[in-house]
Amino acid sequence: MYILFKNVPDPELGLVKRAGSYLEYVVGYVDDTIKNIAKYEHLNPTVFDSDDVALAWKFTNNWRGDISVKRGTTANEQLNFIVSSNEADEYKVKYYLTDDDKSNAVKFTKIVIRKMLDEHFDKQLSQINGQVSSLESLSWSQQRAESNSYELDSNVSVPMLTALAEARGITVSEMSTKVQTAILEHTQKITNLLARKQSFEQEVKSCTTIDECVVFLHNRFGITMPLPFQDKLGITDPAKIDL
């Protein structure tokens, strides 16, 4: 079984073995014989459905359509491409990607990008929720329920709203309005955040080549693409973060 997770120090890997890497992420391998006892949940991993996609990490920078494979590297071991030799000129060999390699590289890169988007927007959500105290947040469901009931029937018992209104020196009606406004504003922030995330996910979904994936990373996450690649595509704008 192969998993994807943010890079961590070796002691935190446990029984998980490194099988590759891309950007800040690691492709880990957990042998099927121990996957039921291996502890990796703390890595917040994404589990690959396909081994071929997981092992396509080495093809992620293939904008030229080939990669250089060195003897003794993980990539060489996985490809079983370079025959052991003492000849210096066989230390590094060029490997030309097949159509399947290219397709798997796109799938792999899109999985990484989606994980990056999840992490970014989860952080944004935490910042929004962080604007409200834990005490206030815990009381919201009760405030909402009482406010909704009060808006339907102003004679209904609303002990929490009543206590809050008395503490502020305002009427229960005014307190109910404040609750409704606060909840709507918070909901709107969450809605806007979700809409932005889904718009970027749609951009990623529309990527069909590794070139398009690299351009997305360049334009959205500020990950600069190789200069020869920029020249090839005629891109002059510097990498930027735009999320």
# chains A, B, ... in the order shown; residues from 1 in each chain; ligands from 1
>>> residues_around(residues="stretch 170-180 of chain A", least_positions_apart="3", cutoff="10 Å", atoms="only C-alpha atoms", output="list in words")
Trp140, Gln143, Arg144, Glu146, Ser147, Asn148, Ser149, Tyr150, Glu151, Ser154, Val158, Pro159, Met160, Leu161, Thr162, Ala163, Leu164, Ala165, Glu166, Ala167, Ile183, Leu184 and Glu185 of chain A
>>> write_last_selection(atoms="N, CA and C atoms", output="PDB file, in the first residue's frame")
ATOM      1  N   TRP A 140     -23.332  28.388  20.160  1.00  0.00           N
ATOM      2  CA  TRP A 140     -24.005  28.813  18.941  1.00  0.00           C
ATOM      3  C   TRP A 140     -25.233  27.980  18.599  1.00  0.00           C
ATOM      4  N   GLN A 143     -27.961  29.073  20.803  1.00  0.00           N
ATOM      5  CA  GLN A 143     -28.393  30.424  20.434  1.00  0.00           C
ATOM      6  C   GLN A 143     -29.207  30.402  19.147  1.00  0.00           C
ATOM      7  N   ARG A 144     -28.721  29.625  18.179  1.00  0.00           N
ATOM      8  CA  ARG A 144     -29.417  29.531  16.894  1.00  0.00           C
ATOM      9  C   ARG A 144     -30.819  28.941  17.087  1.00  0.00           C
ATOM     10  N   GLU A 146     -32.702  28.789  19.804  1.00  0.00           N
ATOM     11  CA  GLU A 146     -33.598  29.688  20.527  1.00  0.00           C
ATOM     12  C   GLU A 146     -34.000  30.875  19.655  1.00  0.00           C
ATOM     13  N   SER A 147     -33.053  31.395  18.894  1.00  0.00           N
ATOM     14  CA  SER A 147     -33.352  32.541  18.034  1.00  0.00           C
ATOM     15  C   SER A 147     -34.357  32.163  16.958  1.00  0.00           C
ATOM     16  N   ASN A 148     -34.156  30.982  16.344  1.00  0.00           N
ATOM     17  CA  ASN A 148     -35.099  30.528  15.315  1.00  0.00           C
ATOM     18  C   ASN A 148     -36.498  30.349  15.900  1.00  0.00           C
ATOM     19  N   SER A 149     -36.562  29.803  17.104  1.00  0.00           N
ATOM     20  CA  SER A 149     -37.862  29.614  17.758  1.00  0.00           C
ATOM     21  C   SER A 149     -38.501  30.959  18.080  1.00  0.00           C
ATOM     22  N   TYR A 150     -37.668  31.895  18.561  1.00  0.00           N
ATOM     23  CA  TYR A 150     -38.179  33.215  18.939  1.00  0.00           C
ATOM     24  C   TYR A 150     -38.716  33.968  17.733  1.00  0.00           C
ATOM     25  N   GLU A 151     -38.032  33.827  16.580  1.00  0.00           N
ATOM     26  CA  GLU A 151     -38.489  34.526  15.379  1.00  0.00           C
ATOM     27  C   GLU A 151     -39.851  34.018  14.935  1.00  0.00           C
ATOM     28  N   SER A 154     -42.588  34.907  19.549  1.00  0.00           N
ATOM     29  CA  SER A 154     -41.875  35.751  20.517  1.00  0.00           C
ATOM     30  C   SER A 154     -42.258  35.442  21.962  1.00  0.00           C
ATOM     31  N   VAL A 158     -36.892  31.332  25.908  1.00  0.00           N
ATOM     32  CA  VAL A 158     -35.540  31.361  25.339  1.00  0.00           C
ATOM     33  C   VAL A 158     -34.567  31.771  26.452  1.00  0.00           C
ATOM     34  N   PRO A 159     -34.260  30.854  27.371  1.00  0.00           N
ATOM     35  CA  PRO A 159     -33.445  31.202  28.542  1.00  0.00           C
ATOM     36  C   PRO A 159     -32.059  31.730  28.213  1.00  0.00           C
ATOM     37  N   MET A 160     -31.396  31.152  27.221  1.00  0.00           N
ATOM     38  CA  MET A 160     -30.047  31.636  26.911  1.00  0.00           C
ATOM     39  C   MET A 160     -30.113  33.026  26.307  1.00  0.00           C
ATOM     40  N   LEU A 161     -31.007  33.246  25.341  1.00  0.00           N
ATOM     41  CA  LEU A 161     -31.127  34.569  24.732  1.00  0.00           C
ATOM     42  C   LEU A 161     -31.514  35.607  25.773  1.00  0.00           C
ATOM     43  N   THR A 162     -32.400  35.211  26.676  1.00  0.00           N
ATOM     44  CA  THR A 162     -32.832  36.139  27.723  1.00  0.00           C
ATOM     45  C   THR A 162     -31.654  36.544  28.609  1.00  0.00           C
ATOM     46  N   ALA A 163     -30.848  35.558  29.009  1.00  0.00           N
ATOM     47  CA  ALA A 163     -29.700  35.851  29.872  1.00  0.00           C
ATOM     48  C   ALA A 163     -28.689  36.727  29.146  1.00  0.00           C
ATOM     49  N   LEU A 164     -28.452  36.448  27.879  1.00  0.00           N
ATOM     50  CA  LEU A 164     -27.488  37.238  27.093  1.00  0.00           C
ATOM     51  C   LEU A 164     -27.995  38.659  26.884  1.00  0.00           C
ATOM     52  N   ALA A 165     -29.302  38.774  26.635  1.00  0.00           N
ATOM     53  CA  ALA A 165     -29.887  40.097  26.431  1.00  0.00           C
ATOM     54  C   ALA A 165     -29.782  40.922  27.709  1.00  0.00           C
ATOM     55  N   GLU A 166     -30.063  40.304  28.844  1.00  0.00           N
ATOM     56  CA  GLU A 166     -29.967  41.013  30.123  1.00  0.00           C
ATOM     57  C   GLU A 166     -28.522  41.449  30.405  1.00  0.00           C
ATOM     58  N   ALA A 167     -27.575  40.576  30.065  1.00  0.00           N
ATOM     59  CA  ALA A 167     -26.167  40.909  30.300  1.00  0.00           C
ATOM     60  C   ALA A 167     -25.726  42.103  29.464  1.00  0.00           C
ATOM     61  N   ILE A 183     -24.669  34.645  12.816  1.00  0.00           N
ATOM     62  CA  ILE A 183     -24.670  33.319  12.190  1.00  0.00           C
ATOM     63  C   ILE A 183     -24.639  33.445  10.669  1.00  0.00           C
ATOM     64  N   LEU A 184     -25.405  34.389  10.127  1.00  0.00           N
ATOM     65  CA  LEU A 184     -25.425  34.589   8.686  1.00  0.00           C
ATOM     66  C   LEU A 184     -24.064  35.037   8.168  1.00  0.00           C
ATOM     67  N   GLU A 185     -23.420  35.939   8.904  1.00  0.00           N
ATOM     68  CA  GLU A 185     -22.097  36.424   8.490  1.00  0.00           C
ATOM     69  C   GLU A 185     -21.075  35.298   8.498  1.00  0.00           C
TER      70      GLU A 185
END
>>> select_by_dssp(residues="stretch 50-189 of chain A", states="strand (DSSP E)", output="PyMOL selection string")
chain A and resi 66-70+92-96
>>> atom_distance(atom1="atom CA of A:Ala105", atom2="atom CA of A:Asn61")
8.8 Å
>>> residues_around(residues="A:Leu193", least_positions_apart="3", cutoff="8 Å", atoms="only C-alpha atoms", output="ChimeraX atom specification")
/A:121,124-125,189-190,196-197
>>> write_last_selection(atoms="C-alpha atoms", output="PDB file, in the first residue's frame")
ATOM      1  CA  PHE A 121      -8.300  25.970   2.951  1.00  0.00           C
ATOM      2  CA  GLN A 124      -8.233  29.427   6.213  1.00  0.00           C
ATOM      3  CA  LEU A 125     -11.198  27.777   7.938  1.00  0.00           C
ATOM      4  CA  LYS A 189     -17.618  33.417   5.126  1.00  0.00           C
ATOM      5  CA  ILE A 190     -17.695  29.609   5.057  1.00  0.00           C
ATOM      6  CA  ARG A 196     -13.210  29.469  -3.822  1.00  0.00           C
ATOM      7  CA  LYS A 197     -11.872  26.028  -2.992  1.00  0.00           C
TER       8      LYS A 197
END
>>> residues_around(residues="A:Ile113", least_positions_apart="4", cutoff="10 Å", atoms="only C-alpha atoms", output="count of residues only")
13
